[in-house]
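This is input_26.cif (mmCIF, C-alpha atoms).
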```cif
data_final
loop_
_atom_site.label_atom_id
_atom_site.label_comp_id
_atom_site.auth_asym_id
_atom_site.auth_seq_id
_atom_site.Cartn_x
_atom_site.Cartn_y
_atom_site.Cartn_z
CA MET P 22 26.21 33.51 21.64
CA ALA P 23 26.88 35.64 18.56
CA TRP P 24 28.37 32.60 16.81
CA LEU P 25 25.28 30.55 17.66
CA SER P 26 22.97 33.27 16.35
CA LEU P 27 24.95 33.42 13.11
CA LYS P 28 24.72 29.65 12.71
CA VAL P 29 20.96 29.67 13.25
CA LEU P 30 20.61 32.46 10.70
CA LEU P 31 22.68 30.65 8.10
CA VAL P 32 20.82 27.38 8.62
CA GLY P 33 17.53 29.22 8.26
CA VAL P 34 18.68 30.78 5.00
CA SER P 35 19.92 27.41 3.78
CA PHE P 36 16.40 25.98 4.16
CA LEU P 37 15.41 28.44 1.45
CA GLY P 38 17.93 26.76 -0.86
CA CYS P 39 20.29 29.74 -0.98
CA LEU P 40 23.47 28.67 0.81
CA TYR P 41 23.75 24.92 0.37
CA PRO P 42 27.45 24.89 -0.56
CA LEU P 43 28.29 27.20 2.36
CA VAL P 44 26.14 26.35 5.35
CA ASP P 45 26.35 22.57 5.33
CA PHE P 46 30.14 22.49 5.41
CA PHE P 47 31.18 25.91 6.69
CA PHE P 48 31.17 25.00 10.36
CA SER P 49 33.91 22.39 10.29
CA GLY P 50 35.61 23.11 13.59
CA GLU P 51 35.13 19.60 14.92
CA THR P 52 37.78 17.20 13.72
CA ARG P 53 36.69 13.95 12.19
CA GLY P 54 38.96 11.75 14.27
CA GLN P 55 38.02 8.13 13.76
CA LYS P 56 34.31 8.64 13.25
CA PRO P 57 33.19 6.86 10.08
CA ASN P 58 30.94 8.23 7.36
CA PHE P 59 27.70 6.47 6.49
CA VAL P 60 25.89 6.11 3.17
CA ILE P 61 22.55 4.29 3.45
CA ILE P 62 20.83 3.49 0.15
CA LEU P 63 17.23 2.25 0.28
CA ALA P 64 15.70 0.79 -2.87
CA ASP P 65 11.93 0.95 -3.35
CA ASP P 66 9.88 -2.18 -4.18
CA MET P 67 12.99 -4.17 -5.15
CA GLY P 68 12.60 -7.93 -4.98
CA TRP P 69 15.03 -10.23 -3.20
CA GLY P 70 15.47 -12.06 -6.49
CA ASP P 71 16.34 -8.90 -8.46
CA LEU P 72 19.89 -8.79 -7.12
CA GLY P 73 22.12 -10.64 -9.58
CA THR P 74 24.24 -12.21 -6.87
CA ASN P 75 21.07 -13.63 -5.28
CA TRP P 76 21.01 -16.18 -8.10
CA ALA P 77 18.83 -14.00 -10.34
CA GLU P 78 18.04 -15.33 -13.80
CA THR P 79 19.31 -12.12 -15.36
CA LYS P 80 22.32 -10.06 -14.32
CA ASP P 81 21.15 -6.44 -14.40
CA THR P 82 22.89 -5.34 -11.20
CA VAL P 83 26.57 -5.46 -12.12
CA ASN P 84 27.57 -2.64 -9.74
CA LEU P 85 25.71 -4.11 -6.79
CA ASP P 86 27.11 -7.55 -7.57
CA LYS P 87 30.60 -6.05 -7.59
CA MET P 88 29.90 -4.34 -4.28
CA ALA P 89 28.78 -7.67 -2.83
CA ALA P 90 31.98 -9.33 -4.08
CA GLU P 91 33.96 -6.57 -2.37
CA GLY P 92 31.88 -6.69 0.80
CA MET P 93 29.16 -8.71 2.51
CA ARG P 94 25.86 -9.95 1.12
CA PHE P 95 22.97 -10.79 3.43
CA VAL P 96 20.53 -13.49 2.35
CA ASP P 97 18.24 -13.39 5.41
CA PHE P 98 17.68 -9.65 5.69
CA HIS P 99 14.18 -8.27 6.28
CA ALA P 100 12.29 -5.01 6.01
CA ALA P 101 10.43 -3.87 9.11
CA ALA P 102 7.17 -3.59 7.16
CA SER P 103 5.92 -4.50 3.72
CA THR P 104 4.90 -0.97 2.69
CA CYS P 105 6.77 2.30 2.18
CA SER P 106 6.14 4.70 5.07
CA PRO P 107 6.22 2.17 7.94
CA SER P 108 9.45 0.62 6.64
CA ARG P 109 11.16 4.01 6.29
CA ALA P 110 9.98 5.13 9.69
CA SER P 111 11.50 2.00 11.22
CA LEU P 112 14.82 2.53 9.45
CA LEU P 113 15.13 6.08 10.80
CA THR P 114 13.93 5.29 14.33
CA GLY P 115 15.01 1.67 14.93
CA ARG P 116 11.46 0.98 16.11
CA LEU P 117 8.48 -0.92 14.74
CA GLY P 118 5.39 0.96 13.63
CA LEU P 119 3.51 -0.12 16.77
CA ARG P 120 6.02 1.96 18.73
CA ASN P 121 6.79 4.87 16.39
CA GLY P 122 3.17 5.36 15.32
CA VAL P 123 3.62 4.83 11.56
CA THR P 124 1.57 1.81 10.51
CA HIS P 125 0.20 3.04 7.15
CA ASN P 126 1.47 4.99 4.17
CA PHE P 127 1.12 8.77 4.20
CA ALA P 128 -0.92 10.30 1.38
CA VAL P 129 -0.50 13.49 -0.60
CA THR P 130 -3.28 14.95 1.54
CA SER P 131 -1.76 13.83 4.86
CA VAL P 132 -1.10 16.75 7.19
CA GLY P 133 0.98 14.71 9.64
CA GLY P 134 3.97 12.43 9.42
CA LEU P 135 6.47 10.59 11.57
CA PRO P 136 5.45 11.69 15.10
CA LEU P 137 7.53 14.58 16.31
CA ASN P 138 8.40 12.84 19.57
CA GLU P 139 10.36 10.22 17.60
CA THR P 140 14.12 10.76 17.33
CA THR P 141 15.58 10.06 13.89
CA LEU P 142 18.98 8.62 13.06
CA ALA P 143 19.88 11.95 11.46
CA GLU P 144 19.09 13.82 14.67
CA VAL P 145 21.27 11.48 16.75
CA LEU P 146 24.21 11.77 14.36
CA ARG P 147 23.90 15.51 13.89
CA GLU P 148 24.08 15.88 17.66
CA ALA P 149 27.29 13.81 17.46
CA GLY P 150 28.86 16.27 15.01
CA TYR P 151 27.81 14.77 11.69
CA ILE P 152 26.78 16.59 8.53
CA THR P 153 23.51 14.99 7.43
CA GLY P 154 21.97 14.83 3.98
CA MET P 155 19.02 13.08 2.40
CA ILE P 156 18.46 12.51 -1.33
CA GLY P 157 15.29 11.01 -2.79
CA LYS P 158 11.98 9.72 -1.51
CA TRP P 159 10.99 10.82 2.02
CA HIS P 160 7.36 9.68 2.54
CA LEU P 161 7.25 10.51 6.25
CA GLY P 162 5.30 13.76 6.11
CA HIS P 163 5.90 16.82 3.96
CA HIS P 164 4.22 19.69 5.80
CA SER P 165 5.90 22.06 8.26
CA SER P 166 7.78 20.23 11.03
CA TYR P 167 7.54 16.84 9.29
CA HIS P 168 9.80 17.94 6.44
CA PRO P 169 13.27 16.31 6.35
CA ASN P 170 14.99 19.61 7.14
CA PHE P 171 13.22 19.59 10.49
CA ARG P 172 13.89 15.90 11.20
CA GLY P 173 17.66 16.08 11.45
CA PHE P 174 18.78 16.51 7.83
CA ASP P 175 20.91 19.56 7.04
CA TYR P 176 20.26 19.11 3.34
CA TYR P 177 17.40 17.57 1.39
CA PHE P 178 16.82 17.02 -2.32
CA GLY P 179 14.01 14.81 -3.51
CA ILE P 180 10.33 13.99 -3.79
CA PRO P 181 8.29 14.06 -0.57
CA TYR P 182 6.45 10.79 -1.33
CA SER P 183 6.27 8.10 -4.02
CA HIS P 184 6.74 9.38 -7.55
CA ASP P 185 3.44 7.88 -8.68
CA MET P 186 1.56 10.15 -6.23
CA GLY P 187 1.43 13.10 -8.60
CA CYS P 188 1.11 13.70 -12.31
CA THR P 189 3.92 14.54 -14.71
CA ASP P 190 4.06 15.82 -18.26
CA THR P 191 5.77 12.64 -19.48
CA PRO P 192 4.32 9.65 -17.60
CA GLY P 193 6.47 6.54 -17.51
CA TYR P 194 5.53 2.88 -17.62
CA ASN P 195 2.80 2.00 -15.13
CA HIS P 196 0.02 -0.53 -14.79
CA PRO P 197 -2.58 0.71 -15.40
CA PRO P 198 -1.11 3.54 -17.51
CA CYS P 199 -1.64 7.01 -16.07
CA PRO P 200 -2.25 10.18 -18.07
CA ALA P 201 -0.12 13.29 -18.12
CA CYS P 202 -0.99 16.30 -16.01
CA PRO P 203 -4.22 17.88 -17.28
CA ARG P 204 -3.97 20.93 -19.50
CA GLY P 205 -6.51 23.54 -20.37
CA ASP P 206 -10.07 22.19 -20.30
CA ARG P 207 -9.03 18.58 -19.81
CA PRO P 208 -10.70 16.85 -16.83
CA PRO P 209 -8.65 17.19 -13.62
CA ARG P 210 -9.16 13.60 -12.51
CA SER P 211 -8.22 10.28 -14.03
CA PRO P 212 -10.79 7.51 -14.18
CA GLU P 213 -8.07 5.15 -12.92
CA ARG P 214 -8.16 4.82 -9.14
CA ASP P 215 -4.37 4.48 -8.88
CA CYS P 216 -3.56 7.59 -10.90
CA HIS P 217 -3.01 10.94 -9.15
CA THR P 218 -3.71 13.94 -11.37
CA ASP P 219 -4.86 16.53 -8.82
CA VAL P 220 -1.34 17.72 -7.93
CA ALA P 221 1.73 17.82 -10.15
CA LEU P 222 4.66 15.88 -8.69
CA PRO P 223 7.05 18.28 -6.88
CA LEU P 224 10.82 18.12 -6.52
CA TYR P 225 12.25 19.82 -3.43
CA GLU P 226 15.64 21.24 -2.57
CA ASN P 227 15.40 21.93 1.14
CA LEU P 228 12.12 23.85 1.51
CA ASN P 229 12.02 25.09 -2.08
CA ILE P 230 10.09 23.39 -4.87
CA VAL P 231 12.64 23.54 -7.70
CA GLU P 232 10.65 21.62 -10.32
CA GLN P 233 6.94 20.83 -10.73
CA PRO P 234 6.00 18.57 -12.34
CA VAL P 235 9.16 16.52 -12.12
CA ASN P 236 10.77 15.37 -15.34
CA LEU P 237 11.12 11.70 -14.41
CA SER P 238 13.52 10.96 -17.26
CA GLY P 239 16.13 13.19 -15.63
CA LEU P 240 15.46 12.32 -11.99
CA ALA P 241 18.08 9.56 -11.61
CA GLN P 242 20.73 11.83 -13.09
CA LYS P 243 19.81 14.60 -10.64
CA TYR P 244 19.94 12.19 -7.70
CA ALA P 245 23.38 10.95 -8.79
CA GLU P 246 24.69 14.51 -9.12
CA LYS P 247 23.33 15.71 -5.78
CA ALA P 248 24.54 12.61 -3.93
CA THR P 249 28.04 12.81 -5.35
CA GLN P 250 28.19 16.57 -4.67
CA PHE P 251 27.22 15.99 -1.05
CA ILE P 252 29.85 13.26 -0.60
CA GLN P 253 32.54 15.37 -2.25
CA ARG P 254 31.83 18.48 -0.18
CA ALA P 255 31.49 16.55 3.05
CA SER P 256 34.69 14.62 2.37
CA THR P 257 36.70 17.80 1.92
CA SER P 258 35.44 19.12 5.25
CA ARG P 259 36.73 17.96 8.61
CA ARG P 260 33.44 16.48 9.78
CA PRO P 261 31.94 13.01 9.29
CA PHE P 262 28.75 12.68 7.28
CA LEU P 263 25.54 10.68 6.97
CA LEU P 264 23.93 10.43 3.54
CA TYR P 265 20.57 8.67 3.27
CA VAL P 266 19.44 7.98 -0.30
CA GLY P 267 15.81 6.91 -0.82
CA LEU P 268 15.76 5.68 -4.41
CA ALA P 269 12.72 6.01 -6.65
CA HIS P 270 13.62 2.61 -8.12
CA MET P 271 12.08 0.02 -8.35
CA HIS P 272 8.72 1.71 -7.80
CA VAL P 273 6.53 2.47 -10.80
CA PRO P 274 6.44 4.42 -13.06
CA PHE P 275 9.61 3.49 -14.96
CA THR P 276 11.40 5.52 -17.58
CA ARG P 277 14.60 5.19 -19.59
CA THR P 278 17.46 7.64 -18.99
CA PRO P 279 21.09 8.01 -20.12
CA LEU P 280 22.19 6.46 -16.81
CA ALA P 281 20.79 3.06 -17.76
CA ALA P 282 23.71 0.94 -18.94
CA GLY P 283 23.44 -2.25 -20.92
CA PRO P 284 21.14 -3.34 -23.75
CA GLN P 285 18.26 -1.03 -24.48
CA ASP P 286 15.88 -3.65 -25.83
CA GLY P 287 14.97 -5.20 -22.48
CA THR P 288 11.76 -4.88 -20.53
CA PRO P 289 10.93 -1.61 -18.76
CA TYR P 290 11.63 -3.31 -15.43
CA ALA P 291 15.04 -4.58 -16.54
CA SER P 292 15.91 -1.15 -17.88
CA GLY P 293 14.86 0.43 -14.60
CA LEU P 294 16.93 -2.10 -12.66
CA ARG P 295 20.01 -1.25 -14.71
CA GLU P 296 19.34 2.45 -14.19
CA MET P 297 19.10 1.95 -10.43
CA ASP P 298 22.28 -0.13 -10.42
CA SER P 299 24.10 2.56 -12.39
CA LEU P 300 22.97 5.20 -9.89
CA VAL P 301 24.28 3.09 -7.00
CA GLY P 302 27.52 2.64 -8.93
CA HIS P 303 27.95 6.40 -9.28
CA ILE P 304 27.55 6.84 -5.53
CA LYS P 305 29.97 4.03 -4.71
CA ASP P 306 32.55 5.38 -7.18
CA ARG P 307 32.43 8.77 -5.48
CA VAL P 308 32.87 7.14 -2.08
CA ASP P 309 35.84 5.14 -3.40
CA ARG P 310 37.50 8.25 -4.79
CA THR P 311 37.01 10.47 -1.77
CA ALA P 312 36.57 8.55 1.50
CA LYS P 313 36.91 4.85 0.76
CA GLU P 314 38.61 3.66 3.96
CA ASN P 315 36.37 5.62 6.30
CA THR P 316 32.92 5.19 4.76
CA PHE P 317 30.41 2.44 5.45
CA LEU P 318 27.92 1.92 2.61
CA TRP P 319 24.77 -0.09 3.33
CA PHE P 320 22.31 -1.00 0.55
CA THR P 321 18.93 -2.62 1.12
CA GLY P 322 15.22 -2.34 0.24
CA ASP P 323 12.07 -1.03 1.90
CA ASN P 324 9.86 -4.04 1.04
CA GLY P 325 9.28 -6.69 -1.60
CA PRO P 326 8.06 -6.16 -5.18
CA TRP P 327 4.60 -4.82 -6.01
CA ALA P 328 3.11 -7.94 -7.56
CA GLN P 329 -0.07 -6.16 -8.68
CA LYS P 330 2.03 -4.31 -11.24
CA CYS P 331 2.46 -7.56 -13.19
CA GLU P 332 5.39 -7.36 -15.60
CA LEU P 333 6.48 -4.10 -13.95
CA ALA P 334 7.17 -5.89 -10.65
CA GLY P 335 10.36 -7.57 -9.49
CA SER P 336 11.19 -11.07 -8.37
CA VAL P 337 10.73 -12.54 -4.89
CA GLY P 338 13.24 -15.25 -5.79
CA PRO P 339 12.37 -18.62 -4.24
CA PHE P 340 10.03 -17.04 -1.68
CA THR P 341 6.94 -17.45 -3.83
CA GLY P 342 4.42 -18.20 -1.08
CA LEU P 343 3.06 -21.12 -3.07
CA TRP P 344 0.11 -21.77 -0.77
CA GLN P 345 -0.87 -18.09 -0.77
CA ALA P 346 -0.49 -17.82 -4.55
CA GLN P 347 -2.66 -20.88 -5.06
CA GLN P 348 -5.45 -19.11 -3.17
CA GLY P 349 -5.23 -16.21 -5.63
CA GLY P 350 -3.24 -13.89 -3.34
CA SER P 351 0.13 -12.19 -3.55
CA PRO P 352 3.21 -13.24 -1.56
CA ALA P 353 4.96 -9.89 -2.03
CA LYS P 354 4.56 -6.22 -1.07
CA GLN P 355 1.66 -5.35 1.24
CA THR P 356 1.67 -8.86 2.70
CA THR P 357 3.44 -10.54 5.60
CA TRP P 358 4.50 -13.43 3.41
CA GLU P 359 8.24 -13.71 3.09
CA GLY P 360 8.43 -12.17 -0.37
CA GLY P 361 6.90 -9.02 1.10
CA HIS P 362 9.62 -8.35 3.64
CA ARG P 363 12.74 -10.37 2.76
CA VAL P 364 14.89 -7.87 0.85
CA PRO P 365 18.34 -7.74 -0.76
CA ALA P 366 21.11 -6.25 1.37
CA VAL P 367 24.80 -5.51 0.83
CA ALA P 368 27.37 -3.92 3.17
CA TYR P 369 30.61 -2.36 1.94
CA TRP P 370 33.47 -0.91 3.94
CA PRO P 371 36.98 -1.68 2.64
CA GLY P 372 39.30 -2.82 5.38
CA ARG P 373 36.50 -3.35 7.89
CA VAL P 374 33.79 -5.50 6.30
CA PRO P 375 35.34 -8.76 4.97
CA ILE P 376 35.19 -9.22 1.22
CA ASN P 377 33.07 -11.69 -0.75
CA VAL P 378 31.20 -13.00 2.29
CA THR P 379 27.63 -14.28 2.28
CA SER P 380 26.02 -13.88 5.68
CA THR P 381 23.08 -16.00 6.78
CA ALA P 382 22.57 -13.97 9.96
CA LEU P 383 18.96 -12.98 10.57
CA LEU P 384 19.00 -9.17 10.34
CA SER P 385 16.60 -6.35 9.57
CA VAL P 386 16.27 -2.74 8.49
CA LEU P 387 15.58 -2.14 12.19
CA ASP P 388 19.22 -2.96 12.90
CA ILE P 389 20.58 -0.07 10.83
CA PHE P 390 19.77 2.54 13.50
CA PRO P 391 21.51 0.90 16.50
CA THR P 392 24.43 -0.31 14.38
CA VAL P 393 25.18 3.09 12.87
CA VAL P 394 24.75 4.83 16.22
CA ALA P 395 27.21 2.42 17.84
CA LEU P 396 29.78 2.78 15.05
CA ALA P 397 29.49 6.56 15.27
CA GLY P 398 30.23 6.44 18.98
CA ALA P 399 26.90 8.10 19.74
CA GLY P 400 24.27 7.02 22.24
CA LEU P 401 20.73 5.70 21.76
CA PRO P 402 17.96 7.93 23.10
CA PRO P 403 17.48 6.63 26.66
CA ASP P 404 13.73 7.08 27.02
CA ARG P 405 12.45 4.46 24.57
CA ARG P 406 12.70 0.84 23.52
CA PHE P 407 14.35 -0.24 20.27
CA ASP P 408 13.56 -3.28 18.15
CA GLY P 409 16.87 -3.59 16.30
CA LEU P 410 20.28 -4.77 17.44
CA ASP P 411 23.86 -3.66 16.91
CA ALA P 412 25.01 -5.88 14.03
CA SER P 413 28.67 -4.79 14.15
CA ASN P 414 29.95 -8.27 15.04
CA VAL P 415 28.19 -9.72 12.01
CA LEU P 416 29.41 -6.95 9.72
CA PHE P 417 33.01 -7.38 10.78
CA GLY P 418 32.94 -11.16 10.41
CA ARG P 419 33.12 -11.94 14.10
CA SER P 420 29.71 -13.62 14.27
CA GLN P 421 27.00 -15.18 12.14
CA THR P 422 24.33 -14.67 14.77
CA GLY P 423 21.71 -11.98 14.36
CA HIS P 424 18.23 -12.08 15.83
CA ARG P 425 17.14 -15.19 17.67
CA PRO P 426 14.59 -17.25 15.69
CA HIS P 427 11.40 -17.65 17.66
CA GLY P 428 9.11 -20.64 17.25
CA ASN P 429 8.82 -23.28 14.58
CA PHE P 430 5.74 -23.09 12.43
CA GLU P 431 6.27 -26.27 10.53
CA SER P 432 4.20 -27.83 13.32
CA ARG P 433 0.40 -27.54 13.34
CA ALA P 434 -0.04 -26.62 16.99
CA VAL P 435 1.09 -23.23 18.22
CA SER P 436 0.55 -22.25 21.82
CA PRO P 437 -0.72 -18.67 22.18
CA GLN P 438 0.95 -18.53 25.58
CA GLN P 439 4.43 -18.62 24.06
CA TRP P 440 3.66 -15.36 22.24
CA GLY P 441 2.36 -13.45 25.25
CA SER P 442 -0.44 -11.18 24.06
CA TRP P 443 -0.01 -12.29 20.43
CA THR P 444 -2.19 -15.07 19.05
CA VAL P 445 -0.99 -16.93 15.99
CA ARG P 446 -3.50 -19.21 14.33
CA SER P 447 -2.58 -22.03 11.97
CA PRO P 448 -5.46 -23.32 9.82
CA THR P 449 -5.86 -27.03 10.42
CA ASP P 450 -6.69 -27.65 6.78
CA CYS P 451 -3.47 -26.07 5.47
CA PRO P 452 -0.70 -28.27 4.10
CA SER P 453 2.55 -28.62 5.97
CA GLY P 454 4.60 -25.44 5.57
CA ALA P 455 1.59 -23.27 4.66
CA LEU P 456 2.74 -20.57 7.05
CA GLN P 457 6.26 -20.57 5.65
CA GLY P 458 5.98 -17.09 4.23
CA LEU P 459 4.55 -15.31 7.24
CA LEU P 460 6.44 -12.71 9.21
CA HIS P 461 6.10 -15.07 12.19
CA HIS P 462 7.91 -17.84 10.34
CA ARG P 463 10.75 -19.62 12.11
CA LEU P 464 13.27 -17.65 9.99
CA SER P 465 11.91 -14.37 11.26
CA PRO P 466 13.24 -12.52 14.29
CA VAL P 467 12.02 -12.37 17.83
CA TRP P 468 10.67 -8.83 17.37
CA ALA P 469 7.54 -10.27 15.71
CA ALA P 470 6.49 -11.71 19.04
CA ASP P 471 6.79 -8.55 21.09
CA LYS P 472 4.55 -5.55 20.68
CA ASN P 473 5.43 -3.75 23.93
#
```
Can you give me the file's structure in the form of structure tokens?
Amino acid sequence: MAWLSLKVLLVGVSFLGCLYPLVDFFFSGETRGQKPNFVIILADDMGWGDLGTNWAETKDTVNLDKMAAEGMRFVDFHAAASTCSPSRASLLTGRLGLRNGVTHNFAVTSVGGLPLNETTLAEVLREAGYITGMIGKWHLGHHSSYHPNFRGFDYYFGIPYSHDMGCTDTPGYNHPPCPACPRGDRPPRSPERDCHTDVALPLYENLNIVEQPVNLSGLAQKYAEKATQFIQRASTSRRPFLLYVGLAHMHVPFTRTPLAAGPQDGTPYASGLREMDSLVGHIKDRVDRTAKENTFLWFTGDNGPWAQKCELAGSVGPFTGLWQAQQGGSPAKQTTWEGGHRVPAVAYWPGRVPINVTSTALLSVLDIFPTVVALAGAGLPPDRRFDGLDASNVLFGRSQTGHRPHGNFESRAVSPQQWGSWTVRSPTDCPSGALQGLLHHRLSPVWAADKN
């Protein structure tokens, strides 16, 4: 009992940012055994066509392309939603927003977050003896019990929401451009609806705000340092670890930093893509140097590119939603057209995941939760239904079958009965293939048809 009281005390002090090097790795009595480590990297607003190995016109992702050549690339991988908070909630719970309660983005003024009755991946793995850390964008509630430190993460360093949801002293590239934080007698509000100037953007380490406003030009460097420190310290302990990295890239605003490799005369988006790729490369290099054979690294995105940002948005690749675009709409983020939810994905685990393989299996961000839990030898919470599947057989090259395709929407007539309580309507005046980009397309998984 005295040991338990000491542990609770130390964890409580660590939330104040005082004992990070000690508390997270001090209690290493459990041996690692064969339990693998997990590094999950989630890009923000990255297009399927941004990944060089996805036949991109430019090659700004050399580290990710190398990781794909040394592992497995997924070409039919989908986000669980086409906006930030719902997609992240689904990754951490393995459940769609209709089940976990997160169907819209949380705002700076939101007092809630991911419902407290939801069990996160970090909570499951911590119960199984894992050290858990999170670096980067959270966006699932930032007040009291919704903070990452209270949702299963032993350590947190990052911004509680998108980095355009607060002002900074040195604004980056955005469309429309946003002003710096107000000073003196300057007006507190921006005339631009999409600019947030009421609250300076905060950077947290555990429960402490360590910088406000954030210096965006140094943020990628800080993320790289904190991520590599966590991997190094966890690797020298005798416990397995989970590191979840929510990148700021490729969400606006963009800025140039010393991490961005390659030519410096490209577009802001290309420069940001190289910066993101360099950050991922730093993390992978640390994994390779410290725990290469026992660490599974999974890279993917939260949703498609933000088309309304014009030249500051990424590429959906061939999934252009031609019919939708011809009507003046967007086929990308915030839509259920394919460019909004088909995302790049790469898996890397030397000796376990076969090298230089392109998988056509239909998979989703929803599959990360059950797959990681199974590989960790942990158990799924028994009192709820999950929308993902264990993709281990696909990852290890034993299968090319993911989710079962449901329906074929190249035909005009769709029977509502085959979808249960869902009704899918196909406009009779649409050309053949007009519904190609919808979430309910024949390439999309069976979960779209089930809301129970």
Residue with the minimum atom-to-atom distance to Ala334 (chain P), picked from P:Phe275, P:Tyr244, P:Trp319, P:Tyr176 with only C-alpha atoms counted, is P:Phe275
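Put simply, CA of Gly115 (chain P) is 20.1 Å away from CA of Gly150 (chain P).
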(Q) Counting only C-alpha atoms, which residue out of P:Leu263, P:Leu268, P:Cys216, P:Ile389 sits closest to Lys56 (chain P)? (A)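 Between P:Leu263, P:Leu268, P:Cys216, P:Ile389, the residue approaching Lys56 (chain P) most closely is P:Leu263.
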- Taking all atoms listed in the file into account, which of P:Val83, P:Ala221, P:Val337, P:Leu228 comes nearest Val129 (chain P)?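 Using all atoms listed in the file, Val129 (chain P) sits closest to P:Ala221.
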Self-check item: 8 Å contact set for region 251-255 of chain P, all atoms listed in the file, chain neighbours under 5 positions out, as a list in words
Solution: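 Everything that qualifies: Pro42, Phe46, Ile152, Gly154, Arg260, Pro261, Phe262, Leu264, Arg307, Val308 and Thr311 of chain P.
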Could you state which residues are captured by the PyMOL selection byres ((chain P and resi 133) around 7) in this file, as a list in words?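 After applying the PyMOL selection byres ((chain P and resi 133) around 7), what remains is Ser131, Val132, Gly134, Gly162 and Tyr167 of chain P.
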Around all the atoms of region 370-377 of chain P listed in the file, draw an axis-aligned box and extend it by 8 Å on each of the six sides; I want its centre and edge lengths in Å to one decimal, as AutoDock Vina command-line options.
```
--center_x 36.2 --center_y -6.3 --center_z 3.6 --size_x 22.2 --size_y 26.8 --size_z 24.6
```
Across P:Gly335, P:Ala241, P:Ser351, P:Pro197, the smallest distance to Ser299 (chain P), with all atoms listed in the file counted, is shown by P:Ala241
Across P:Gly360, P:Pro326, P:Pro203, P:Gly302, the smallest distance to Leu343 (chain P), with all atoms listed in the file counted, is shown by P:Gly360
inquiry  = So that I can check the surroundings of Asp71 (chain P), please list as a PyMOL selection string every protein, DNA and RNA residue that reaches within 10 Å of it, counting all atoms listed in the file and ignoring chain neighbours fewer than 3 positions away.
reply    = chain P and resi 67-68+74-82+271+291+294+326+334-338+364-365
Find the residue from P:Pro391, P:Gly205, P:Pro169, P:Pro339 that sits nearest to Ser111 (chain P); use all atoms listed in the file when measuring.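 Smallest distance to Ser111 (chain P) is found for P:Pro391.
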Subject >> Output check: residues returned by the PyMOL selection byres ((chain P and resi 306) around 12), as number ranges by chain >> reply: P: 84-85, 87-88, 245, 248-249, 252-253, 299-305, 307-313, 316, 318
- Pull out every residue that the PyMOL selection byres ((chain P and resi 98-106) around 9) matches in the shown coordinates and put them as an NGL selection string. :P and (65-66 or 95-97 or 107-112 or 116-118 or 123-127 or 135 or 159-161 or 182-183 or 321-325 or 353-357 or 359 or 361-366 or 381-387 or 465)
